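Novice: The file below is final.cif, mmCIF, C-alpha atoms:
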data_final
#
loop_
_atom_site.label_atom_id
_atom_site.label_comp_id
_atom_site.auth_asym_id
_atom_site.auth_seq_id
_atom_site.Cartn_x
_atom_site.Cartn_y
_atom_site.Cartn_z
CA MET A 17 84.42 141.72 85.17
CA LYS A 18 86.09 139.91 88.08
CA SER A 19 89.89 139.71 87.92
CA SER A 20 92.13 137.50 90.02
CA ARG A 21 94.98 140.03 89.68
CA ILE A 22 94.94 142.01 92.93
CA PRO A 23 98.40 143.60 93.36
CA GLY A 24 99.51 144.12 96.96
CA PHE A 25 96.72 141.95 98.38
CA TYR A 26 99.11 140.32 100.86
CA ASN A 27 100.05 143.74 102.29
CA LYS A 28 96.48 144.63 103.21
CA THR A 29 94.77 143.95 106.52
CA VAL A 30 92.30 141.10 106.88
CA ASP A 31 89.41 143.57 106.91
CA GLU A 32 90.67 145.25 103.75
CA ARG A 33 90.96 141.88 102.02
CA ARG A 34 87.39 141.06 102.99
CA GLU A 35 86.19 144.37 101.57
CA ILE A 36 87.91 143.59 98.27
CA LEU A 37 86.39 140.10 98.22
CA GLN A 38 82.92 141.52 98.86
CA SER A 39 83.30 144.10 96.10
CA LEU A 40 84.41 141.41 93.63
CA ASN A 41 81.48 139.13 94.37
CA ASP A 42 78.70 141.38 95.65
CA PHE A 43 78.27 139.14 98.68
CA SER A 44 75.41 139.77 101.11
CA GLU A 45 76.04 140.65 104.75
CA ASP A 46 74.94 137.13 105.71
CA GLU A 47 77.51 135.60 103.37
CA MET A 48 80.27 137.85 104.66
CA GLY A 49 79.21 136.91 108.17
CA VAL A 50 80.51 133.40 107.51
CA LEU A 51 83.99 134.94 107.23
CA THR A 52 83.74 137.45 110.05
CA ARG A 53 82.17 135.47 112.87
CA GLU A 54 84.45 133.57 115.20
CA GLN A 55 82.99 130.16 114.31
CA SER A 56 82.21 129.58 110.64
CA LEU A 57 80.75 126.18 111.51
CA PRO A 58 78.26 126.38 114.41
CA VAL A 59 78.68 123.56 116.91
CA ASP A 60 75.02 122.51 116.65
CA LEU A 61 75.52 122.00 112.90
CA ALA A 62 78.84 120.19 113.43
CA ASP A 63 77.06 117.87 115.87
CA LYS A 64 74.81 116.72 113.02
CA MET A 65 77.71 116.12 110.60
CA ILE A 66 79.80 113.62 112.64
CA GLU A 67 79.62 111.69 115.89
CA ASN A 68 80.81 112.56 119.40
CA VAL A 69 81.31 116.26 118.61
CA ILE A 70 83.05 118.40 121.24
CA GLY A 71 83.84 121.45 119.11
CA THR A 72 85.21 122.53 115.74
CA TYR A 73 88.74 122.77 114.34
CA SER A 74 89.66 125.76 112.19
CA LEU A 75 92.23 126.20 109.43
CA PRO A 76 93.42 129.46 107.89
CA LEU A 77 91.50 130.29 104.71
CA GLY A 78 93.45 132.25 102.11
CA LEU A 79 92.91 133.25 98.51
CA GLY A 80 94.97 131.99 95.60
CA LEU A 81 95.26 134.86 93.12
CA ASN A 82 96.30 135.49 89.51
CA PHE A 83 94.75 132.31 88.13
CA LEU A 84 93.74 132.56 84.47
CA ILE A 85 92.27 129.25 83.31
CA ASN A 86 90.89 128.79 79.81
CA GLY A 87 90.69 132.57 79.55
CA LYS A 88 88.64 132.94 82.75
CA ASP A 89 89.81 134.55 86.01
CA TYR A 90 89.48 132.60 89.27
CA VAL A 91 89.99 133.71 92.86
CA ILE A 92 90.62 130.42 94.64
CA PRO A 93 89.87 129.74 98.33
CA MET A 94 92.51 127.54 99.98
CA ALA A 95 92.25 126.10 103.49
CA ILE A 96 95.69 125.09 104.78
CA GLU A 97 97.97 125.55 107.78
CA GLU A 98 101.32 125.36 105.96
CA ALA A 99 103.13 128.61 105.28
CA SER A 100 104.16 129.63 101.75
CA VAL A 101 101.66 127.45 99.84
CA VAL A 102 99.14 130.18 99.01
CA ALA A 103 101.90 132.69 98.22
CA SER A 104 103.79 130.23 96.03
CA ALA A 105 100.71 129.11 94.07
CA SER A 106 99.68 132.74 93.50
CA TYR A 107 103.16 133.77 92.33
CA MET A 108 103.43 130.85 89.92
CA ALA A 109 99.92 131.57 88.65
CA LYS A 110 101.08 135.10 87.80
CA ILE A 111 104.02 133.74 85.79
CA ILE A 112 101.73 131.32 83.96
CA ARG A 113 99.18 134.11 83.48
CA ASP A 114 101.86 136.21 81.76
CA ALA A 115 102.51 133.19 79.52
CA GLY A 116 98.85 132.99 78.51
CA GLY A 117 97.37 131.11 81.44
CA PHE A 118 96.45 127.49 82.08
CA ARG A 119 94.66 125.26 79.61
CA THR A 120 92.47 122.60 81.18
CA GLU A 121 90.18 119.79 80.06
CA SER A 122 88.44 116.76 81.53
CA THR A 123 87.04 113.40 80.51
CA GLY A 124 83.64 113.93 82.15
CA ARG A 125 82.03 112.82 85.38
CA VAL A 126 81.94 109.01 85.29
CA MET A 127 82.53 107.30 88.63
CA ILE A 128 82.93 103.58 89.25
CA GLY A 129 80.90 101.24 91.46
CA GLN A 130 82.16 97.74 92.28
CA ILE A 131 80.32 94.55 93.20
CA GLN A 132 82.45 91.66 94.48
CA VAL A 133 81.17 88.11 93.82
CA VAL A 134 82.77 84.99 95.31
CA GLY A 135 81.95 81.28 95.32
CA CYS A 136 80.89 80.92 91.68
CA GLN A 137 80.95 77.35 90.37
CA ASP A 138 82.16 78.60 86.99
CA PHE A 139 83.61 82.11 86.99
CA GLN A 140 83.88 82.34 83.21
CA LEU A 141 80.23 81.37 82.82
CA ALA A 142 79.25 83.87 85.53
CA LYS A 143 81.13 86.63 83.71
CA LYS A 144 79.51 85.71 80.39
CA THR A 145 76.05 85.67 81.97
CA LEU A 146 76.47 89.12 83.54
CA LEU A 147 77.65 90.61 80.26
CA GLU A 148 74.67 89.06 78.47
CA HIS A 149 72.40 90.85 80.96
CA LYS A 150 74.27 94.14 80.71
CA GLU A 151 71.33 96.27 79.58
CA GLN A 152 69.08 94.77 82.24
CA LEU A 153 71.61 95.53 84.98
CA ILE A 154 72.19 99.10 83.78
CA LYS A 155 68.43 99.67 83.72
CA ALA A 156 68.08 98.25 87.25
CA CYS A 157 70.81 100.57 88.46
CA ASN A 158 69.04 103.61 87.05
CA THR A 159 65.68 102.49 88.42
CA ALA A 160 67.23 102.49 91.90
CA TYR A 161 68.16 106.18 91.59
CA PRO A 162 65.86 107.84 89.04
CA SER A 163 66.65 111.41 90.12
CA ILE A 164 70.18 111.26 88.65
CA VAL A 165 68.75 110.02 85.34
CA LYS A 166 66.42 113.03 85.24
CA ARG A 167 69.51 115.26 85.59
CA GLY A 168 71.14 113.62 82.57
CA GLY A 169 73.34 111.16 84.46
CA GLY A 170 73.08 107.61 85.72
CA ALA A 171 74.61 104.23 84.85
CA GLN A 172 76.05 104.21 81.33
CA ASP A 173 78.19 101.12 80.93
CA MET A 174 79.36 97.97 82.67
CA ASP A 175 82.35 95.66 82.73
CA VAL A 176 83.23 92.40 84.48
CA ARG A 177 86.65 91.12 85.59
CA ILE A 178 87.87 87.90 87.17
CA LEU A 179 90.60 88.35 89.79
CA ASN A 180 93.11 85.64 90.75
CA GLU A 181 91.50 83.18 88.33
CA SER A 182 94.25 80.55 88.61
CA SER A 183 94.27 80.55 92.42
CA GLU A 184 93.30 77.43 94.33
CA SER A 185 92.25 79.42 97.41
CA LYS A 186 88.52 79.97 97.93
CA TYR A 187 89.23 83.40 99.41
CA ASP A 188 91.10 85.32 96.73
CA LYS A 189 89.38 84.11 93.56
CA MET A 190 86.54 86.46 92.72
CA LEU A 191 84.49 88.17 90.07
CA VAL A 192 84.18 91.96 90.10
CA LEU A 193 81.44 93.88 88.30
CA HIS A 194 82.21 97.51 87.44
CA MET A 195 79.27 99.85 86.91
CA TYR A 196 80.18 103.16 85.26
CA ILE A 197 77.92 105.95 86.50
CA ASP A 198 77.70 109.60 85.47
CA THR A 199 77.17 111.38 88.79
CA ARG A 200 76.83 114.85 87.24
CA ASP A 201 77.77 117.50 89.84
CA ALA A 202 77.73 115.13 92.82
CA MET A 203 80.75 113.20 94.05
CA GLY A 204 78.27 110.33 94.07
CA ALA A 205 79.33 107.98 96.88
CA ASN A 206 75.88 107.52 98.43
CA MET A 207 74.22 107.44 95.01
CA ILE A 208 76.52 104.70 93.72
CA ASN A 209 76.30 102.62 96.88
CA THR A 210 72.48 102.78 96.77
CA MET A 211 72.48 101.60 93.15
CA LEU A 212 74.83 98.71 93.90
CA GLU A 213 72.82 97.57 96.92
CA ALA A 214 69.75 97.35 94.71
CA LEU A 215 71.69 95.36 92.11
CA ALA A 216 73.25 92.79 94.45
CA PRO A 217 70.38 90.24 94.60
CA THR A 218 70.13 90.10 90.81
CA VAL A 219 73.90 89.66 90.49
CA GLU A 220 73.82 86.76 92.95
CA GLU A 221 71.01 85.11 91.04
CA LEU A 222 72.77 85.45 87.69
CA THR A 223 76.18 84.25 88.90
CA ASP A 224 75.12 81.62 91.45
CA GLY A 225 77.68 83.26 93.69
CA LYS A 226 77.78 85.27 96.90
CA VAL A 227 77.99 89.08 96.82
CA TYR A 228 80.10 90.69 99.52
CA LEU A 229 81.33 94.25 98.83
CA ARG A 230 79.04 96.71 97.05
CA ILE A 231 80.81 100.06 97.04
CA LEU A 232 82.20 102.85 94.90
CA SER A 233 85.86 103.04 93.90
CA ASN A 234 87.81 106.17 94.74
CA TYR A 235 90.10 105.38 91.84
CA ALA A 236 88.11 107.61 89.50
CA ASP A 237 90.18 107.04 86.36
CA ARG A 238 87.14 107.79 84.17
CA SER A 239 86.76 111.20 85.78
CA LEU A 240 90.10 112.76 84.89
CA ALA A 241 91.02 116.45 84.84
CA LYS A 242 94.13 117.81 83.13
CA ALA A 243 95.94 121.15 83.30
CA THR A 244 98.79 122.31 81.06
CA CYS A 245 100.96 125.42 80.82
CA VAL A 246 103.64 126.64 78.41
CA ILE A 247 106.17 129.12 79.83
CA PRO A 248 108.84 131.02 77.85
CA PRO A 249 112.24 130.97 79.62
CA HIS A 250 112.38 134.75 80.10
CA LEU A 251 109.50 134.48 82.58
CA LEU A 252 111.53 132.08 84.73
CA VAL A 253 114.53 134.35 85.32
CA SER A 254 115.53 134.44 88.99
CA GLU A 255 118.24 136.29 90.86
CA GLY A 256 121.51 134.70 89.78
CA PHE A 257 119.84 132.28 87.34
CA SER A 258 118.91 132.64 83.68
CA GLY A 259 115.52 131.48 82.52
CA GLU A 260 117.10 128.59 80.64
CA GLU A 261 118.96 127.47 83.76
CA VAL A 262 115.75 127.49 85.78
CA ARG A 263 113.87 125.69 82.98
CA ASP A 264 116.48 122.94 82.72
CA GLY A 265 116.69 122.61 86.50
CA ILE A 266 112.92 122.06 86.69
CA VAL A 267 113.05 119.34 84.01
CA HIS A 268 115.96 117.63 85.82
CA ALA A 269 114.00 117.81 89.09
CA TYR A 270 110.97 116.26 87.40
CA GLU A 271 113.08 113.44 85.93
CA PHE A 272 114.38 112.72 89.45
CA ALA A 273 110.80 112.30 90.70
CA ALA A 274 109.83 110.26 87.64
CA SER A 275 112.73 107.86 88.27
CA ASP A 276 112.81 107.52 92.06
CA PRO A 277 109.81 106.81 94.31
CA TYR A 278 111.62 108.26 97.33
CA ARG A 279 111.74 111.62 95.55
CA ALA A 280 108.32 111.14 93.91
CA VAL A 281 106.51 110.96 97.25
CA THR A 282 107.83 114.36 98.33
CA HIS A 283 107.38 115.80 94.83
CA ASN A 284 103.75 114.67 94.77
CA LYS A 285 103.12 115.85 98.31
CA GLY A 286 103.98 119.31 97.04
CA ILE A 287 101.38 118.95 94.29
CA MET A 288 98.78 117.94 96.86
CA ASN A 289 99.79 121.03 98.88
CA GLY A 290 97.96 122.95 96.17
CA ILE A 291 95.13 120.50 95.53
CA ASP A 292 94.06 119.58 99.07
CA PRO A 293 93.42 123.15 100.29
CA VAL A 294 90.91 123.75 97.48
CA VAL A 295 89.28 120.36 98.02
CA ILE A 296 88.98 121.06 101.75
CA ALA A 297 87.72 124.63 101.30
CA THR A 298 84.93 123.43 99.00
CA GLY A 299 83.80 120.73 101.42
CA ASN A 300 85.02 117.81 99.32
CA ASP A 301 86.63 114.56 100.42
CA TRP A 302 90.36 115.23 100.27
CA ARG A 303 91.16 111.66 101.40
CA ALA A 304 89.37 110.28 98.32
CA VAL A 305 91.22 112.70 96.05
CA GLU A 306 94.58 111.89 97.67
CA ALA A 307 94.04 108.12 97.37
CA GLY A 308 93.02 108.36 93.72
CA ALA A 309 95.89 110.69 92.85
CA HIS A 310 98.56 108.45 94.36
CA ALA A 311 97.07 105.35 92.71
CA TYR A 312 97.14 107.15 89.37
CA ALA A 313 100.80 108.01 89.94
CA ALA A 314 101.49 104.25 90.09
CA ARG A 315 99.26 103.23 87.16
CA PHE A 316 102.22 101.99 85.08
CA GLY A 317 103.38 99.61 87.81
CA LYS A 318 105.83 101.99 89.50
CA TYR A 319 105.11 105.02 91.67
CA GLY A 320 106.31 108.21 89.96
CA SER A 321 105.69 111.90 89.38
CA MET A 322 102.11 113.10 88.98
CA THR A 323 103.31 115.98 86.78
CA THR A 324 105.42 115.99 83.64
CA TRP A 325 107.78 118.82 82.68
CA SER A 326 109.52 119.07 79.33
CA VAL A 327 110.98 121.54 76.83
CA ASP A 328 109.22 122.11 73.50
CA GLU A 329 110.83 122.93 70.12
CA GLU A 330 110.70 126.67 70.87
CA GLY A 331 112.56 126.20 74.15
CA ASN A 332 109.50 126.78 76.35
CA LEU A 333 108.94 124.92 79.60
CA VAL A 334 105.83 122.73 79.26
CA GLY A 335 104.02 121.41 82.34
CA GLU A 336 101.14 118.96 82.58
CA LEU A 337 99.14 117.45 85.41
CA GLU A 338 96.37 114.89 84.93
CA LEU A 339 94.61 113.28 87.89
CA PRO A 340 91.37 111.55 88.87
CA MET A 341 89.07 114.09 90.55
CA ALA A 342 86.36 112.51 92.71
CA ILE A 343 84.77 115.80 93.73
CA GLY A 344 81.34 117.44 93.65
CA THR A 345 79.59 120.77 93.95
CA VAL A 346 76.32 119.42 95.38
CA GLY A 347 75.60 117.09 98.28
CA GLY A 348 77.66 116.22 101.35
CA ALA A 349 79.52 118.98 103.18
CA THR A 350 79.30 121.22 100.11
CA ARG A 351 75.59 121.54 100.86
CA VAL A 352 75.67 122.01 104.64
CA HIS A 353 79.00 123.64 105.61
CA PRO A 354 78.64 127.45 105.48
CA MET A 355 82.28 128.00 104.55
CA ALA A 356 82.16 125.37 101.79
CA LYS A 357 79.14 127.07 100.27
CA LEU A 358 80.89 130.45 100.43
CA ALA A 359 84.06 128.97 98.91
CA LEU A 360 82.10 127.73 95.91
CA ARG A 361 80.55 131.19 95.55
CA ILE A 362 84.01 132.76 95.57
CA LEU A 363 85.21 130.36 92.89
CA GLY A 364 82.20 130.89 90.66
CA THR A 365 82.51 127.42 89.11
CA GLU A 366 79.33 126.23 87.44
CA SER A 367 79.91 122.47 87.61
CA ALA A 368 81.94 119.75 89.28
CA GLU A 369 83.77 119.27 85.98
CA GLU A 370 84.88 122.91 86.00
CA LEU A 371 85.89 122.72 89.66
CA ALA A 372 88.02 119.64 88.94
CA GLN A 373 89.88 121.54 86.22
CA VAL A 374 90.53 124.48 88.54
CA ILE A 375 91.89 122.14 91.21
CA VAL A 376 94.46 120.48 88.94
CA ALA A 377 95.58 123.92 87.72
CA VAL A 378 96.35 124.88 91.33
CA GLY A 379 98.26 121.61 91.79
CA LEU A 380 100.35 122.33 88.70
CA ALA A 381 101.10 125.87 89.90
CA GLN A 382 102.14 124.65 93.32
CA ASN A 383 104.45 122.02 91.82
CA LEU A 384 106.10 124.66 89.64
CA GLY A 385 106.63 126.85 92.70
CA ALA A 386 108.28 124.07 94.66
CA LEU A 387 110.54 123.00 91.79
CA LYS A 388 111.55 126.56 90.93
CA ALA A 389 112.51 127.18 94.55
CA LEU A 390 114.42 123.92 94.80
CA VAL A 391 116.55 124.57 91.71
CA THR A 392 117.33 128.20 92.60
CA ASP A 393 117.46 129.48 96.19
CA GLY A 394 116.35 126.26 97.85
CA ILE A 395 112.97 125.57 99.39
CA GLN A 396 113.83 126.90 102.85
CA LYS A 397 114.48 130.55 101.98
CA GLY A 398 110.93 131.50 101.10
CA HIS A 399 109.23 128.91 103.28
CA MET A 400 111.06 129.79 106.48
CA ALA A 401 110.61 133.51 105.92
CA LEU A 402 106.85 133.01 105.87
CA HIS A 403 107.07 130.44 108.67
CA SER A 404 108.79 132.98 110.93
CA ARG A 405 105.49 134.57 111.97
CA SER A 406 104.15 131.22 113.17
CA VAL A 407 107.35 130.72 115.14
CA ALA A 408 106.92 134.15 116.74
CA VAL A 409 103.33 133.35 117.75
CA ALA A 410 104.40 129.96 119.15
CA ALA A 411 106.95 131.81 121.28
CA GLY A 412 104.24 134.03 122.79
CA ALA A 413 104.46 137.13 120.61
CA THR A 414 101.26 139.16 120.15
CA GLY A 415 100.12 142.19 118.15
CA GLU A 416 102.81 144.25 116.44
CA MET A 417 105.47 142.24 118.23
CA ILE A 418 104.78 139.28 115.90
CA ASP A 419 106.05 141.03 112.76
CA MET A 420 108.95 142.66 114.60
CA ILE A 421 110.23 139.37 115.96
CA ALA A 422 109.57 137.55 112.70
CA GLN A 423 111.64 140.10 110.81
CA GLN A 424 114.51 139.83 113.28
CA LEU A 425 114.47 136.02 113.04
CA ILE A 426 114.75 136.32 109.25
CA GLU A 427 117.62 138.81 109.47
CA GLU A 428 119.46 136.61 111.94
CA LYS A 429 118.71 133.50 109.83
CA GLU A 430 117.74 131.77 113.04
CA ILE A 431 114.07 130.90 112.69
CA ARG A 432 113.43 128.76 115.77
CA VAL A 433 111.12 128.98 118.76
CA GLY A 434 113.97 129.15 121.28
CA ARG A 435 115.40 132.31 119.75
CA ALA A 436 111.93 133.79 119.35
CA LYS A 437 111.26 133.29 123.07
CA GLU A 438 114.46 135.16 123.88
CA LEU A 439 113.30 138.07 121.72
CA VAL A 440 109.82 138.05 123.30
CA ALA A 441 111.46 138.28 126.71
CA GLN A 442 113.55 141.25 125.52
CA TYR A 443 110.58 143.11 124.06
CA THR A 444 108.41 142.59 127.14
CA LYS A 445 110.95 143.77 129.72
#
Show how you would write the structure in this file as structure tokens.

Specialist:
Amino acid sequence: MKSSRIPGFYNKTVDERREILQSLNDFSEDEMGVLTREQSLPVDLADKMIENVIGTYSLPLGLGLNFLINGKDYVIPMAIEEASVVASASYMAKIIRDAGGFRTESTGRVMIGQIQVVGCQDFQLAKKTLLEHKEQLIKACNTAYPSIVKRGGGAQDMDVRILNESSESKYDKMLVLHMYIDTRDAMGANMINTMLEALAPTVEELTDGKVYLRILSNYADRSLAKATCVIPPHLLVSEGFSGEEVRDGIVHAYEFAASDPYRAVTHNKGIMNGIDPVVIATGNDWRAVEAGAHAYAARFGKYGSMTTWSVDEEGNLVGELELPMAIGTVGGATRVHPMAKLALRILGTESAEELAQVIVAVGLAQNLGALKALVTDGIQKGHMALHSRSVAVAAGATGEMIDMIAQQLIEEKEIRVGRAKELVAQYTK
């Protein structure tokens, strides 16, 4: 049985880590080749994915460890350039694992398509007419994309709104039709847009208006995933701080983010530090996920914290993160990018719904790591220690010299490129 607890993994060489990964997953030589060859994405394949290709751009791919989610172990691929994120998420996952692990759930896989209608003579009558033809419109949607219906998905419901109804301007008054579509394991952008295109002529006929936009919404608030954790204070003890002090500091830090958008932006960026790397590694659209997450953080009319942290009656720290997750496990880059396909194999998720739950668990772990650091030693201590190797490389260090210089920078508490260059010059004399 695969376990995400791999003590000392960070101390092993890259080759040793790959051997462990292969033994955990029984990967073929071809699959491991995606990790070992210099270019995981061949240029000829990249040239077919976007326009004007001149090469590929690589990010470090690491493994988030120790994740126990709904009683199941996950080794989580994370593609990111920022130091300390993978280490922090893995360390927090171990603490939460010792507390019983994450609990996750989701609302399903319903995405939203929008059709914008302008120029109606009577917007209320147009809205009433569309709603009267609801079943016809849902059926037309599904006829336009029968393959998703065969897989148990498709259009399920519909709603109509009037925007800026009291306005006198001909430009901002409009009717918006929402089609709610179960996209199953696909993110569904192309599917939804195809359905809406097919629906547009009928909508114009029924409303006596003009259809302009026919496109999905990335605000997937009917495709939510939620992660929670409950941590006893004794698991939060840090050098010089009791578990209760750390617990209370985390709740105070959360309340700061919940009350102040200037703090909330940085707080939420830290959450996305955990989420984006998994979204990227699995070939999903991280821009869509980011946009939806930030919109959800402002759903009550003020931008605030994506997470909530509180103390329960037993004195435990309770964390929760709920976000829209517009992701998929089939289609798009998940189908064509070799590394994305391997990342999904490493994860072992069986559906987009399961993947969404894993992603929010990583976001919650990363937020806990950032808050715990902030209320104890400060964020810079751990981050800069890990960042020191990048500084050494930027200064020209190679081979064994990288770790030697990085260690000296840490000891001197002077982690900057200028000092690293001086040390490189000394070592190469």

Novice: Which is closest to Leu232 in chain A among A:Ile287, A:Val133, A:Val433, A:Ile128, if we use all atoms listed in the file?

Specialist: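 So, comparing all the options, the nearest one is A:Ile128.
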
Novice: Starting from the shown file, work through the PyMOL selection byres ((chain A and resi 375) around 12) and note down what comes out as number ranges by chain.

Specialist: A: 80, 83, 85, 90-94, 105, 118, 120-122, 240-243, 287-298, 300, 302, 305, 337-344, 363, 365, 368-374, 376-382

Novice: Which residue is closest to Ile266 in chain A? Choose from A:Lys226, A:Lys388, A:Met322, A:Ser233 and count all atoms listed in the file.

Specialist: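 Nearest candidate to Ile266 in chain A out of A:Lys226, A:Lys388, A:Met322, A:Ser233: A:Lys388.
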
Novice: Could you check the closest approach to Thr345 in chain A for each of A:Met417, A:Ala202, A:Gly286, A:Ala62 and tell me which residue wins, using only C-alpha atoms?

Specialist: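 Smallest distance to Thr345 in chain A is found for A:Ala202.
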
Novice: Residues at most 12 Å from Leu57 in chain A, counting only C-alpha atoms, excluding those fewer than 6 positions away in the same chain, as a list in words?

Specialist: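 These residues fall inside the cut-off: Gly49, Val50, Leu51, Asp63, Lys64, Met65, Gly71, Thr72, Tyr73, Ser74, Leu75, Gly299, Ala349, Val352, His353, Pro354, Met355, Ala356, Lys357 and Leu358 of chain A.
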
Novice: Keeping only C-alpha atoms, write the selected residues to a file as an mmCIF file, in the coordinates of the input.

Specialist:
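Produced file selection14.cif, reproduced below:
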data_model
loop_
_atom_site.group_PDB
_atom_site.id
_atom_site.type_symbol
_atom_site.label_atom_id
_atom_site.label_comp_id
_atom_site.auth_asym_id
_atom_site.auth_seq_id
_atom_site.Cartn_x
_atom_site.Cartn_y
_atom_site.Cartn_z
ATOM 1 C CA GLY A 49 79.210 136.910 108.170
ATOM 2 C CA VAL A 50 80.510 133.400 107.510
ATOM 3 C CA LEU A 51 83.990 134.940 107.230
ATOM 4 C CA ASP A 63 77.060 117.870 115.870
ATOM 5 C CA LYS A 64 74.810 116.720 113.020
ATOM 6 C CA MET A 65 77.710 116.120 110.600
ATOM 7 C CA GLY A 71 83.840 121.450 119.110
ATOM 8 C CA THR A 72 85.210 122.530 115.740
ATOM 9 C CA TYR A 73 88.740 122.770 114.340
ATOM 10 C CA SER A 74 89.660 125.760 112.190
ATOM 11 C CA LEU A 75 92.230 126.200 109.430
ATOM 12 C CA GLY A 299 83.800 120.730 101.420
ATOM 13 C CA ALA A 349 79.520 118.980 103.180
ATOM 14 C CA VAL A 352 75.670 122.010 104.640
ATOM 15 C CA HIS A 353 79.000 123.640 105.610
ATOM 16 C CA PRO A 354 78.640 127.450 105.480
ATOM 17 C CA MET A 355 82.280 128.000 104.550
ATOM 18 C CA ALA A 356 82.160 125.370 101.790
ATOM 19 C CA LYS A 357 79.140 127.070 100.270
ATOM 20 C CA LEU A 358 80.890 130.450 100.430
#

Novice: Can you list, as a short mmCIF file (atom, residue, chain, number, x, y, z; two decimals) with C-alpha atoms, keeping the file's coordinate frame, every protein, DNA or RNA residue that comes within 10 Å of Gln172 in chain A when you count only C-alpha atoms, leaving out same-chain residues fewer than 3 positions away?

Specialist:
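Result file follows (out_0.cif):
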data_model
loop_
_atom_site.label_atom_id
_atom_site.label_comp_id
_atom_site.auth_asym_id
_atom_site.auth_seq_id
_atom_site.Cartn_x
_atom_site.Cartn_y
_atom_site.Cartn_z
CA VAL A 126 81.94 109.01 85.29
CA GLU A 151 71.33 96.27 79.58
CA ILE A 154 72.19 99.10 83.78
CA LYS A 155 68.43 99.67 83.72
CA CYS A 157 70.81 100.57 88.46
CA ASN A 158 69.04 103.61 87.05
CA GLY A 169 73.34 111.16 84.46
CA MET A 195 79.27 99.85 86.91
CA TYR A 196 80.18 103.16 85.26
CA ILE A 197 77.92 105.95 86.50
CA ASP A 198 77.70 109.60 85.47
#

Novice: Give the answer as one residue: which of A:Asn206, A:Ser275, A:Thr282, A:Thr29 has the shortest atom-to-atom distance to Ala386 in chain A, using all atoms listed in the file?

Specialist: A:Thr282

Novice: Return the padded bounding box of range 31-35 of chain A as AutoDock Vina command-line options: axis-aligned, built from all atoms listed in the file, 4 Å added on each side, with centre and edge lengths in Å to one decimal.

Specialist:
--center_x 88.6 --center_y 143.2 --center_z 104.2 --size_x 12.8 --size_y 12.2 --size_z 13.3

Novice: Using only C-alpha atoms, which protein or nucleic acid residues come within 12 Å of range 146-149 of chain A? Drop anything in the same chain fewer than 2 positions from it, and give the result as an NGL selection string.

Specialist: :A and (131 or 133 or 139-144 or 151-156 or 173-177 or 191-195 or 215-216 or 218-225)

Novice: Quick check on the file I pasted: which residues fall under the PyMOL selection byres ((chain A and resi 23-27) around 10)? Write them as an NGL selection string.

Specialist: :A and (20-22 or 28-30 or 32-33 or 36 or 78-79 or 81-82 or 103)

Novice: Between A:Ala309, A:Leu61, A:Ala411, A:Ala304, which residue has the minimum interatomic distance to Met203 in chain A, considering only C-alpha atoms?

Specialist: A:Ala304

Novice: Please determine, counting only C-alpha atoms, which residue among A:Lys166, A:Lys189, A:His283, A:Lys88 has the shortest atom-to-atom distance to Leu387 in chain A.

Specialist: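 Once distances to Leu387 in chain A are computed over only C-alpha atoms, the minimum belongs to A:His283.
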
Novice: Residues picked by the PyMOL selection byres ((chain A and resi 263-265) around 10) here, as a PyMOL selection string?

Specialist: chain A and resi 247-253+257-262+266-271+325-327+331-334+387-388+390-392

Novice: May I ask for the distance between CA of Ala311 in chain A and CA of Thr199 in chain A, given in Å to one decimal place?

Specialist: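 Answer for the CA of Ala311 in chain A to CA of Thr199 in chain A separation: 21.2 Å.
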
Novice: Can you pull out the residues contacting Lys18 in chain A? Cut-off 8 Å, using only C-alpha atoms, and skip same-chain residues under 5 positions away; I want them as a compact mmCIF listing (two decimals) with C-alpha atoms, keeping the file's coordinate frame.

Specialist:
# COMPACT_ATOMS: atom_id res chain seq x y z
CA LEU A 40 84.41 141.41 93.63
CA ASN A 41 81.48 139.13 94.37
CA ASP A 89 89.81 134.55 86.01
